[in-house]
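Data file: model.csv. Format and content: CSV, C-alpha atoms.
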```csv
chain,number,residue,atom,x,y,z
A,1,MET,CA,-114.8,-7.3,115.9
A,2,ASN,CA,-118.5,-7.3,115.5
A,3,ARG,CA,-118.9,-8.1,119.2
A,4,ASN,CA,-116.7,-5.2,120.1
A,5,MET,CA,-118.6,-2.9,117.9
A,6,ALA,CA,-121.9,-4.1,119.3
A,7,SER,CA,-120.6,-3.7,122.8
A,8,ALA,CA,-119.4,-0.2,122.0
A,9,ALA,CA,-122.8,0.7,120.5
A,10,GLN,CA,-124.6,-0.6,123.5
A,11,SER,CA,-122.4,1.3,125.8
A,12,ALA,CA,-122.9,4.5,123.8
A,13,ALA,CA,-126.7,4.0,123.9
A,14,SER,CA,-126.5,3.4,127.6
A,15,ASN,CA,-124.5,6.6,128.2
A,16,ALA,CA,-126.9,8.6,126.0
A,17,SER,CA,-129.9,7.4,127.9
A,18,SER,CA,-128.2,8.2,131.2
A,19,ASP,CA,-127.9,11.8,130.0
A,20,ARG,CA,-131.6,12.1,129.5
A,21,LEU,CA,-134.0,13.1,132.2
A,22,PRO,CA,-136.7,10.5,133.0
A,23,ARG,CA,-139.4,13.2,132.5
A,24,GLY,CA,-142.4,11.1,133.0
A,25,LYS,CA,-141.2,9.9,136.4
A,26,LEU,CA,-140.2,13.4,137.5
A,27,LEU,CA,-143.4,14.9,136.3
A,28,ALA,CA,-145.3,12.4,138.6
A,29,LEU,CA,-143.4,14.0,141.5
A,30,ALA,CA,-144.2,17.5,140.1
A,31,MET,CA,-147.9,16.4,140.1
A,32,ALA,CA,-147.6,15.5,143.7
A,33,GLY,CA,-146.3,19.0,144.5
A,34,PHE,CA,-149.1,20.4,142.4
A,35,ILE,CA,-151.7,18.6,144.5
A,36,CYS,CA,-150.0,19.7,147.7
A,37,ILE,CA,-150.1,23.4,146.7
A,38,LEU,CA,-153.6,23.2,145.3
A,39,THR,CA,-154.9,21.5,148.5
A,40,GLU,CA,-153.2,24.1,150.7
A,41,THR,CA,-154.1,27.3,148.9
A,42,LEU,CA,-157.3,26.7,147.1
A,43,PRO,CA,-159.6,27.7,150.0
A,44,ALA,CA,-158.2,31.3,149.6
A,45,GLY,CA,-160.1,31.6,146.4
A,46,LEU,CA,-163.3,29.9,147.7
A,47,LEU,CA,-163.7,31.6,151.1
A,48,PRO,CA,-167.2,33.0,150.5
A,49,GLN,CA,-168.5,29.6,149.2
A,50,ILE,CA,-166.9,27.7,152.1
A,51,SER,CA,-168.2,30.2,154.6
A,52,ASP,CA,-171.8,29.7,153.3
A,53,GLY,CA,-171.4,26.0,153.0
A,54,LEU,CA,-170.3,25.4,156.5
A,55,GLY,CA,-172.3,28.3,158.1
A,56,ILE,CA,-169.3,30.1,159.4
A,57,SER,CA,-167.6,33.5,158.9
A,58,GLU,CA,-165.0,34.0,156.2
A,59,ALA,CA,-162.4,34.6,159.0
A,60,LEU,CA,-163.1,31.1,160.3
A,61,ALA,CA,-163.1,29.7,156.8
A,62,GLY,CA,-159.6,31.1,156.4
A,63,GLN,CA,-158.4,28.8,159.2
A,64,LEU,CA,-158.7,25.9,156.7
A,65,ILE,CA,-155.5,27.3,155.2
A,66,SER,CA,-153.9,27.9,158.6
A,67,LEU,CA,-154.6,24.3,159.8
A,68,TYR,CA,-153.1,22.8,156.7
A,69,ALA,CA,-149.9,25.0,157.1
A,70,LEU,CA,-149.7,24.1,160.8
A,71,GLY,CA,-150.0,20.3,160.1
A,72,SER,CA,-147.2,20.6,157.4
A,73,THR,CA,-144.9,22.7,159.7
A,74,LEU,CA,-145.3,20.4,162.8
A,75,ALA,CA,-145.1,17.1,160.9
A,76,ALA,CA,-142.3,17.6,158.4
A,77,ILE,CA,-139.3,16.9,160.7
A,78,PRO,CA,-140.8,14.2,163.0
A,79,LEU,CA,-142.6,12.2,160.2
A,80,VAL,CA,-139.8,12.4,157.7
A,81,THR,CA,-137.3,11.3,160.4
A,82,ALA,CA,-139.6,8.5,161.5
A,83,THR,CA,-140.1,7.2,158.0
A,84,ARG,CA,-136.6,7.5,156.6
A,85,GLY,CA,-136.2,3.7,156.7
A,86,TRP,CA,-139.3,3.2,154.6
A,87,ARG,CA,-139.1,2.4,150.9
A,88,ARG,CA,-139.7,5.6,148.9
A,89,ARG,CA,-142.6,4.6,146.6
A,90,PRO,CA,-144.8,3.1,149.4
A,91,LEU,CA,-144.2,6.2,151.5
A,92,LEU,CA,-145.2,8.5,148.6
A,93,LEU,CA,-148.3,6.4,147.8
A,94,THR,CA,-149.3,6.6,151.5
A,95,CYS,CA,-149.1,10.4,151.4
A,96,LEU,CA,-151.2,10.4,148.2
A,97,LEU,CA,-153.8,8.1,149.8
A,98,VAL,CA,-154.0,10.6,152.7
A,99,PHE,CA,-154.7,13.4,150.2
A,100,LEU,CA,-157.4,11.2,148.5
A,101,VAL,CA,-159.1,10.3,151.8
A,102,PHE,CA,-159.0,13.7,153.6
A,103,ASN,CA,-159.8,15.9,150.6
A,104,THR,CA,-162.8,13.6,150.1
A,105,ILE,CA,-163.7,14.2,153.8
A,106,THR,CA,-163.3,18.0,153.2
A,107,SER,CA,-165.6,17.9,150.2
A,108,LEU,CA,-168.3,15.9,152.1
A,109,SER,CA,-168.1,17.3,155.6
A,110,SER,CA,-170.7,19.7,157.0
A,111,ASN,CA,-168.9,19.9,160.4
A,112,TYR,CA,-166.4,22.7,160.8
A,113,ILE,CA,-164.2,20.8,163.4
A,114,LEU,CA,-164.1,17.7,161.3
A,115,THR,CA,-163.1,19.8,158.3
A,116,LEU,CA,-160.3,21.5,160.3
A,117,ALA,CA,-159.1,18.0,161.4
A,118,ALA,CA,-159.1,16.8,157.8
A,119,ARG,CA,-157.1,19.9,156.7
A,120,PHE,CA,-154.6,19.4,159.5
A,121,ILE,CA,-154.0,15.7,158.5
A,122,ALA,CA,-153.7,16.6,154.8
A,123,GLY,CA,-151.1,19.2,155.8
A,124,MET,CA,-149.1,16.5,157.7
A,125,SER,CA,-149.0,14.5,154.5
A,126,GLY,CA,-147.9,17.6,152.5
A,127,GLY,CA,-145.0,18.1,154.9
A,128,VAL,CA,-143.8,14.6,154.2
A,129,VAL,CA,-144.2,15.0,150.4
A,130,TRP,CA,-142.1,18.1,150.4
A,131,GLY,CA,-139.5,16.5,152.7
A,132,ILE,CA,-138.9,13.5,150.4
A,133,THR,CA,-139.4,14.9,146.9
A,134,ALA,CA,-135.9,16.3,146.5
A,135,GLY,CA,-134.1,13.1,147.5
A,136,TYR,CA,-136.5,11.0,145.4
A,137,ALA,CA,-135.9,13.1,142.3
A,138,ARG,CA,-132.1,13.1,142.7
A,139,ARG,CA,-132.0,9.3,143.1
A,140,MET,CA,-133.6,8.8,139.7
A,141,VAL,CA,-130.7,10.3,137.7
A,142,PRO,CA,-126.9,10.3,137.6
A,143,GLU,CA,-125.1,12.9,139.7
A,144,SER,CA,-124.6,15.2,136.7
A,145,LEU,CA,-128.3,15.7,136.3
A,146,ARG,CA,-129.5,16.0,139.8
A,147,GLY,CA,-130.1,19.7,139.8
A,148,ARG,CA,-132.1,19.6,136.5
A,149,ALA,CA,-134.1,16.6,137.9
A,150,LEU,CA,-135.0,18.5,141.0
A,151,ALA,CA,-135.9,21.6,139.0
A,152,LEU,CA,-138.4,19.6,136.9
A,153,ALA,CA,-139.8,17.8,140.0
A,154,MET,CA,-140.4,21.2,141.7
A,155,THR,CA,-142.4,22.8,138.8
A,156,GLY,CA,-145.7,21.5,140.3
A,157,ALA,CA,-145.6,24.1,143.1
A,158,PRO,CA,-145.5,27.3,141.0
A,159,LEU,CA,-147.8,25.8,138.4
A,160,GLY,CA,-150.2,25.1,141.2
A,161,LEU,CA,-150.2,28.7,142.2
A,162,LEU,CA,-150.1,30.1,138.7
A,163,LEU,CA,-152.7,27.9,137.1
A,164,GLY,CA,-154.3,25.5,139.6
A,165,VAL,CA,-155.7,27.9,142.1
A,166,PRO,CA,-157.2,30.4,139.6
A,167,ILE,CA,-158.7,27.5,137.5
A,168,GLY,CA,-160.0,25.8,140.7
A,169,THR,CA,-161.5,29.1,141.9
A,170,PHE,CA,-163.1,29.6,138.5
A,171,ILE,CA,-164.6,26.1,138.4
A,172,GLY,CA,-165.7,26.5,142.0
A,173,GLY,CA,-167.8,29.5,141.0
A,174,PHE,CA,-169.9,27.2,138.8
A,175,VAL,CA,-170.0,23.8,140.5
A,176,GLY,CA,-169.3,24.7,144.1
A,177,TRP,CA,-166.3,24.3,146.4
A,178,ARG,CA,-167.1,20.8,147.5
A,179,LEU,CA,-166.9,19.4,144.0
A,180,VAL,CA,-163.6,21.2,143.5
A,181,PHE,CA,-162.1,19.3,146.5
A,182,GLY,CA,-163.6,16.1,145.0
A,183,ILE,CA,-161.7,16.8,141.7
A,184,ILE,CA,-158.5,17.1,143.7
A,185,SER,CA,-159.3,13.7,145.2
A,186,LEU,CA,-159.8,12.3,141.7
A,187,LEU,CA,-156.4,13.8,140.7
A,188,SER,CA,-154.8,12.1,143.7
A,189,LEU,CA,-156.4,8.7,142.7
A,190,LEU,CA,-155.0,9.1,139.1
A,191,LEU,CA,-151.6,10.0,140.5
A,192,ILE,CA,-151.6,6.9,142.7
A,193,VAL,CA,-152.0,4.8,139.6
A,194,TRP,CA,-149.3,6.8,137.8
A,195,VAL,CA,-146.8,6.4,140.7
A,196,SER,CA,-147.6,2.7,141.1
A,197,LYS,CA,-147.0,2.0,137.4
A,198,GLY,CA,-144.4,4.5,136.3
A,199,VAL,CA,-142.2,5.7,139.2
A,200,PRO,CA,-139.3,3.5,140.4
A,201,ASP,CA,-138.9,2.5,144.0
A,202,PHE,CA,-135.9,3.0,146.2
A,203,PRO,CA,-134.9,1.6,149.6
A,204,GLY,CA,-135.1,3.8,152.6
A,205,GLN,CA,-132.0,4.8,154.5
A,206,ALA,CA,-130.0,2.0,156.2
A,207,ALA,CA,-130.1,2.2,160.0
A,208,GLU,CA,-126.4,2.5,160.3
A,209,LYS,CA,-126.4,5.6,158.2
A,210,ARG,CA,-129.1,7.5,160.0
A,211,LEU,CA,-127.7,10.4,162.0
A,212,PRO,CA,-129.6,11.9,164.9
A,213,LEU,CA,-131.5,15.0,164.1
A,214,ARG,CA,-129.0,17.2,166.0
A,215,LYS,CA,-126.1,15.8,164.1
A,216,VAL,CA,-127.8,16.4,160.7
A,217,PHE,CA,-128.4,20.0,161.7
A,218,ILE,CA,-124.7,20.6,162.5
A,219,LEU,CA,-123.4,19.0,159.3
A,220,PRO,CA,-121.1,21.5,157.5
A,221,GLY,CA,-123.2,23.6,155.2
A,222,VAL,CA,-126.7,22.7,156.4
A,223,ARG,CA,-127.1,25.6,158.9
A,224,SER,CA,-125.8,28.1,156.3
A,225,VAL,CA,-128.5,27.0,153.8
A,226,LEU,CA,-131.2,27.0,156.5
A,227,PHE,CA,-130.3,30.6,157.6
A,228,VAL,CA,-130.5,31.7,154.0
A,229,VAL,CA,-133.9,30.0,153.7
A,230,LEU,CA,-135.2,32.0,156.7
A,231,PHE,CA,-133.9,35.4,155.6
A,232,TRP,CA,-134.7,35.0,151.8
A,233,VAL,CA,-138.2,33.5,152.2
A,234,LEU,CA,-139.0,35.9,155.1
A,235,GLY,CA,-138.1,38.9,152.9
A,236,HIS,CA,-140.2,37.6,150.0
A,237,SER,CA,-143.2,36.8,152.3
A,238,VAL,CA,-143.2,40.2,153.9
A,239,LEU,CA,-143.6,41.9,150.6
A,240,TYR,CA,-145.8,39.3,148.9
A,241,THR,CA,-148.3,39.2,151.8
A,242,TYR,CA,-148.7,43.0,151.8
A,243,ILE,CA,-148.4,43.5,148.0
A,244,ALA,CA,-151.9,45.1,147.7
A,245,PRO,CA,-151.2,48.1,150.1
A,246,PHE,CA,-147.8,48.5,148.6
A,247,LEU,CA,-149.2,48.7,145.0
A,248,ALA,CA,-151.8,51.2,146.2
A,249,GLN,CA,-149.0,53.8,146.5
A,250,ALA,CA,-148.7,53.8,142.7
A,251,GLY,CA,-152.4,53.7,142.1
A,252,LEU,CA,-152.2,50.0,141.1
A,253,SER,CA,-154.9,48.7,143.5
A,254,GLY,CA,-156.9,47.5,140.5
A,255,ARG,CA,-153.9,45.7,139.0
A,256,VAL,CA,-153.0,43.3,141.8
A,257,ASP,CA,-154.1,40.2,139.9
A,258,LEU,CA,-152.2,41.3,136.8
A,259,ILE,CA,-149.0,42.0,138.8
A,260,LEU,CA,-149.2,38.7,140.6
A,261,LEU,CA,-149.7,36.9,137.2
A,262,LEU,CA,-146.5,38.7,136.0
A,263,PHE,CA,-144.7,37.5,139.1
A,264,GLY,CA,-146.0,33.9,138.5
A,265,ILE,CA,-144.9,33.8,134.9
A,266,THR,CA,-141.4,35.2,135.6
A,267,SER,CA,-141.1,32.7,138.5
A,268,VAL,CA,-141.6,29.8,136.1
A,269,VAL,CA,-139.0,31.3,133.7
A,270,GLY,CA,-136.7,31.6,136.7
A,271,ILE,CA,-137.1,27.9,137.6
A,272,TRP,CA,-136.4,26.9,134.0
A,273,MET,CA,-133.2,29.0,133.9
A,274,VAL,CA,-132.0,27.6,137.2
A,275,GLY,CA,-132.8,24.0,136.0
A,276,MET,CA,-130.5,24.5,133.0
A,277,LEU,CA,-127.5,25.8,134.9
A,278,ILE,CA,-127.7,24.5,138.5
A,279,ASP,CA,-125.6,21.3,138.0
A,280,ARG,CA,-122.5,23.5,137.4
A,281,TRP,CA,-123.2,26.9,139.0
A,282,LEU,CA,-125.1,26.4,142.2
A,283,ARG,CA,-123.4,29.0,144.3
A,284,LEU,CA,-123.1,31.6,141.6
A,285,LEU,CA,-126.8,31.2,140.8
A,286,VAL,CA,-127.7,31.7,144.5
A,287,LEU,CA,-125.6,34.9,144.6
A,288,PHE,CA,-127.0,36.1,141.3
A,289,SER,CA,-130.6,35.5,142.4
A,290,LEU,CA,-130.1,37.2,145.8
A,291,ALA,CA,-128.4,40.2,144.1
A,292,GLY,CA,-131.1,40.5,141.5
A,293,PHE,CA,-133.8,40.4,144.2
A,294,ALA,CA,-131.8,43.1,146.1
A,295,VAL,CA,-131.8,45.3,143.0
A,296,ALA,CA,-135.5,44.8,142.6
A,297,SER,CA,-136.0,45.8,146.2
A,298,VAL,CA,-134.0,49.0,145.7
A,299,LEU,CA,-136.0,49.9,142.6
A,300,LEU,CA,-139.2,49.3,144.5
A,301,GLY,CA,-137.9,51.6,147.3
A,302,ILE,CA,-137.0,54.5,145.0
A,303,GLY,CA,-139.8,54.0,142.5
A,304,SER,CA,-142.7,52.9,144.7
A,305,ASP,CA,-145.0,55.5,143.0
A,306,GLN,CA,-143.9,54.7,139.5
A,307,PRO,CA,-146.0,52.0,137.8
A,308,VAL,CA,-143.4,51.2,135.1
A,309,ILE,CA,-140.7,50.7,137.7
A,310,ILE,CA,-143.0,48.5,139.7
A,311,TYR,CA,-143.8,46.3,136.8
A,312,PHE,CA,-140.1,45.9,135.9
A,313,SER,CA,-139.2,45.2,139.6
A,314,VAL,CA,-141.9,42.6,140.1
A,315,ALA,CA,-140.7,40.8,136.9
A,316,LEU,CA,-137.1,40.8,138.2
A,317,TRP,CA,-138.4,39.7,141.6
A,318,GLY,CA,-140.2,36.7,140.1
A,319,LEU,CA,-137.3,35.8,137.8
A,320,THR,CA,-134.7,35.8,140.7
A,321,TYR,CA,-137.0,34.2,143.3
A,322,GLY,CA,-138.6,31.5,141.2
A,323,GLY,CA,-135.7,29.1,141.4
A,324,ALA,CA,-135.1,29.7,145.1
A,325,GLY,CA,-136.7,26.4,146.1
A,326,THR,CA,-134.7,24.4,143.7
A,327,LEU,CA,-131.4,26.1,144.6
A,328,LEU,CA,-131.9,25.8,148.3
A,329,GLN,CA,-133.1,22.2,148.2
A,330,THR,CA,-130.2,21.2,146.1
A,331,ALA,CA,-127.7,23.0,148.4
A,332,VAL,CA,-129.1,21.4,151.5
A,333,ALA,CA,-129.2,17.9,149.9
A,334,ASP,CA,-125.6,18.3,148.8
A,335,ALA,CA,-124.5,19.3,152.3
A,336,ALA,CA,-126.5,16.5,154.0
A,337,GLY,CA,-125.5,13.7,151.7
A,338,ASP,CA,-127.1,10.4,152.9
A,339,ASN,CA,-129.3,12.4,155.4
A,340,ALA,CA,-130.8,14.6,152.7
A,341,ASP,CA,-134.4,13.8,153.5
A,342,VAL,CA,-134.1,14.9,157.1
A,343,ALA,CA,-132.3,18.1,156.1
A,344,GLN,CA,-135.1,18.7,153.6
A,345,SER,CA,-137.7,18.4,156.3
A,346,MET,CA,-135.8,21.0,158.2
A,347,LEU,CA,-135.8,23.2,155.1
A,348,VAL,CA,-139.6,22.7,154.7
A,349,THR,CA,-140.2,23.7,158.4
A,350,GLY,CA,-138.0,26.8,158.0
A,351,TRP,CA,-139.7,27.7,154.8
A,352,ASN,CA,-143.2,27.4,156.3
A,353,LEU,CA,-142.1,29.4,159.4
A,354,ALA,CA,-140.7,32.1,157.2
A,355,ILE,CA,-143.9,32.3,155.2
A,356,GLY,CA,-146.0,32.5,158.4
A,357,GLY,CA,-143.5,35.0,159.9
A,358,GLY,CA,-143.9,37.2,156.8
A,359,GLY,CA,-147.5,38.0,157.8
A,360,ILE,CA,-146.6,38.7,161.4
A,361,VAL,CA,-143.4,40.6,160.8
A,362,GLY,CA,-145.0,42.5,157.9
A,363,GLY,CA,-148.0,43.5,160.1
A,364,ILE,CA,-145.7,44.9,162.8
A,365,LEU,CA,-143.6,46.8,160.2
A,366,LEU,CA,-146.7,48.2,158.6
A,367,GLU,CA,-147.7,49.7,161.9
A,368,ILE,CA,-144.3,51.0,162.9
A,369,LEU,CA,-142.5,51.9,159.7
A,370,GLY,CA,-145.2,52.1,157.1
A,371,ILE,CA,-145.6,50.3,153.8
A,372,SER,CA,-143.1,52.5,151.9
A,373,ASN,CA,-140.2,51.2,154.0
A,374,PHE,CA,-140.8,47.5,153.2
A,375,PRO,CA,-138.3,47.4,150.3
A,376,TRP,CA,-135.5,48.6,152.6
A,377,VAL,CA,-136.3,45.9,155.2
A,378,LEU,CA,-136.3,43.4,152.4
A,379,LEU,CA,-132.9,44.7,151.2
A,380,LEU,CA,-131.4,44.1,154.7
A,381,LEU,CA,-132.6,40.5,154.8
A,382,LEU,CA,-131.2,39.9,151.3
A,383,LEU,CA,-127.8,41.4,152.2
A,384,LEU,CA,-127.6,39.0,155.2
A,385,SER,CA,-128.4,36.1,152.8
A,386,LEU,CA,-125.7,37.3,150.4
A,387,LEU,CA,-123.2,37.5,153.3
A,388,ILE,CA,-123.9,33.9,154.4
A,389,THR,CA,-123.8,32.5,150.9
A,390,GLY,CA,-120.6,34.4,150.1
A,391,ARG,CA,-118.8,32.8,153.2
A,392,ALA,CA,-120.2,29.3,152.6
A,393,LYS,CA,-117.8,28.2,149.9
A,394,GLU,CA,-116.9,24.7,150.8
A,395,HIS,CA,-120.3,23.2,151.9
A,396,GLY,CA,-123.8,23.9,150.9
A,397,PHE,CA,-123.1,26.6,148.3
A,398,ARG,CA,-120.3,25.4,146.1
A,399,ILE,CA,-118.7,27.4,143.3
A,400,ILE,CA,-118.9,24.6,140.7
A,401,LYS,CA,-120.7,21.5,141.8
A,402,ARG,CA,-119.7,18.9,139.3
```
Entire entry expressed as C-alpha cells:
Amino acid sequence: MNRNMASAAQSAASNASSDRLPRGKLLALAMAGFICILTETLPAGLLPQISDGLGISEALAGQLISLYALGSTLAAIPLVTATRGWRRRPLLLTCLLVFLVFNTITSLSSNYILTLAARFIAGMSGGVVWGITAGYARRMVPESLRGRALALAMTGAPLGLLLGVPIGTFIGGFVGWRLVFGIISLLSLLLIVWVSKGVPDFPGQAAEKRLPLRKVFILPGVRSVLFVVLFWVLGHSVLYTYIAPFLAQAGLSGRVDLILLLFGITSVVGIWMVGMLIDRWLRLLVLFSLAGFAVASVLLGIGSDQPVIIYFSVALWGLTYGGAGTLLQTAVADAAGDNADVAQSMLVTGWNLAIGGGGIVGGILLEILGISNFPWVLLLLLLLSLLITGRAKEHGFRIIKR
C-alpha cells in the first residue's frame, strides 16, 4: 500500500514537473538570440563613432550591418543542412565561440576589410543559431508545451531591439564603440559557460531521416508557411523601414523614437500572448494576427494625418506582429517534423530576404506611389497571407494543434 502510494506520488510529481517550462535552459537560448540581434543591429546606433574610428564614411560604416545580414542569409540553409547530424549543444557552443572571436576582432580591428570579413562570419554564425533555436527549444519540453517553449526562447530578439540596441548605443557614447563590441564578446563568453553547464544536449538527426533539401521544401505545409513569411514580413519591413517619412505626414517627425518604443513594447506583449495560447490555437492566432495587422494598415491609410489614430495603429501593429516569429517557426516545425531545422533555415533565409526586400520595394513604391499609399500595399500583402493561411488547414496552420 505504502509502495503504491509512494509510486503514485512520484508519478504525480513527475507529471507536474513535465508541465513546467525549463525556464533557465530556454532563457539561455533567448540570450543567444539577444546576442545575435545585438551583434547585427548595434552598428546602426554607432555609425558616427565607427566612421571616425575606421576613417570611413558613414555610408561605408553602414555596410557592417549589410555584411552581417548577407552572411546570415547565405549561410543559413547550407550550414544548417551540413550540420544537422551534429549534436545540438556542441553546435550551439561553436556558434557562440564564433561570436566571441569575431566580435573581439571587430572591436580591435582598424582595417575596414578585416572588419567586414569579421561581420560576415559572425552573420554566418547567426544564421545557424536562428536555424537551430526552434528545434532545440521544442526538444526540451513535452509536445503540449512546445509553443510556449519556443515563445520564451524567442524573447531575446525583441528584447535585443527594445533594450539592447538603445542601451548599447548609450554606453557607446561614453566608452566608445570598440568597448561595446568587447562587452558583447564578454556576454558570449558568459553564455558559453551557461550553455555548457545548464543546457541539455541532444543528438543530431540520424542519417536515414535526413531528407534532401528539395524534399523538405515540398513537404505538405512547408511552402504555405514560407509564402506567408515572405508576404507578412515584407509588408512589415516596407512600412518599418520608411516609418520616418510616413510619420512626417502627421507632423510626428520628432516622435519617431517614441513611436518605435511603443511598437517594441506592444511587440513583447504580443509574444507573451502568443506564448500563452499557441499550443492550442496556432492557426486561429495566425489569422487573428494577420487580420489585426490588416485593420492597423487600413487605419493608417485613412488616418495618416491623425496622430491619435497613428499611435493606436502602431500599438495594434506591434501587438499583432510581435508573435509572428513564434507562430511561423512553430508552424514550419510542425509541418517539417524530423526535418524541422532545415525548414527553419529556409524560414530564416526567407525572413532575411523579406527584410532586405522591404527597403528595396519600399524605395520603389516611394518613388512611384508616394508614402501615403504604403498602408494599401501592406493591406494587399496581408490579404494574400490571410488567403494562404485560410486554405492551409491540414498542414502548417492547424486549427487546434494538440
Which residue, A:Leu380, A:Ala137, A:Leu239, A:Val101, has the smallest gap to Phe181 of chain A when you use only C-alpha atoms?
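Counting only C-alpha atoms, the residue closest to Phe181 of chain A is A:Val101.
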Non-local contacts of Leu92 of chain A (10 Å; all atoms listed in the file; under 6 positions in same chain excluded) as JSON, numbers by chain:
{"A": [29, 32, 86, 98, 125, 128, 129, 132, 133, 136, 192, 195, 196, 201]}
Could the residues in this selection be written to a file with C-alpha atoms, as a PDB file, in the coordinates of the input?
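Written output follows (part_7.pdb):
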```pdb
ATOM      1  CA  LEU A  29    -143.400  14.000 141.500  1.00  0.00           C
ATOM      2  CA  ALA A  32    -147.600  15.500 143.700  1.00  0.00           C
ATOM      3  CA  TRP A  86    -139.300   3.200 154.600  1.00  0.00           C
ATOM      4  CA  VAL A  98    -154.000  10.600 152.700  1.00  0.00           C
ATOM      5  CA  SER A 125    -149.000  14.500 154.500  1.00  0.00           C
ATOM      6  CA  VAL A 128    -143.800  14.600 154.200  1.00  0.00           C
ATOM      7  CA  VAL A 129    -144.200  15.000 150.400  1.00  0.00           C
ATOM      8  CA  ILE A 132    -138.900  13.500 150.400  1.00  0.00           C
ATOM      9  CA  THR A 133    -139.400  14.900 146.900  1.00  0.00           C
ATOM     10  CA  TYR A 136    -136.500  11.000 145.400  1.00  0.00           C
ATOM     11  CA  ILE A 192    -151.600   6.900 142.700  1.00  0.00           C
ATOM     12  CA  VAL A 195    -146.800   6.400 140.700  1.00  0.00           C
ATOM     13  CA  SER A 196    -147.600   2.700 141.100  1.00  0.00           C
ATOM     14  CA  ASP A 201    -138.900   2.500 144.000  1.00  0.00           C
TER      15      ASP A 201
END
```
Kindly indicate which residue among A:Asp305, A:Gly147, A:Ala324, A:Ile50 lies nearest to Asn111 of chain A, using all atoms listed in the file for the distances.
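When distances to Asn111 of chain A are compared using all atoms listed in the file, the smallest one comes from A:Ile50.
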Hey, can you check how far atom CA of Gly131 of chain A sits from atom CA of Gly204 of chain A?
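According to the coordinates, atom CA of Gly131 of chain A and atom CA of Gly204 of chain A are separated by 13.4 Å.
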Between A:Leu161, A:Ala151, A:Met31, A:Ala291, which has the minimum distance to Met273 of chain A (counting only C-alpha atoms)?
A:Ala151
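Using all atoms listed in the file for every distance, the candidate list A:Thr94, A:Ser372, A:Gln49, A:Gln205 yields A:Gln49 as the residue closest to Arg178 of chain A.
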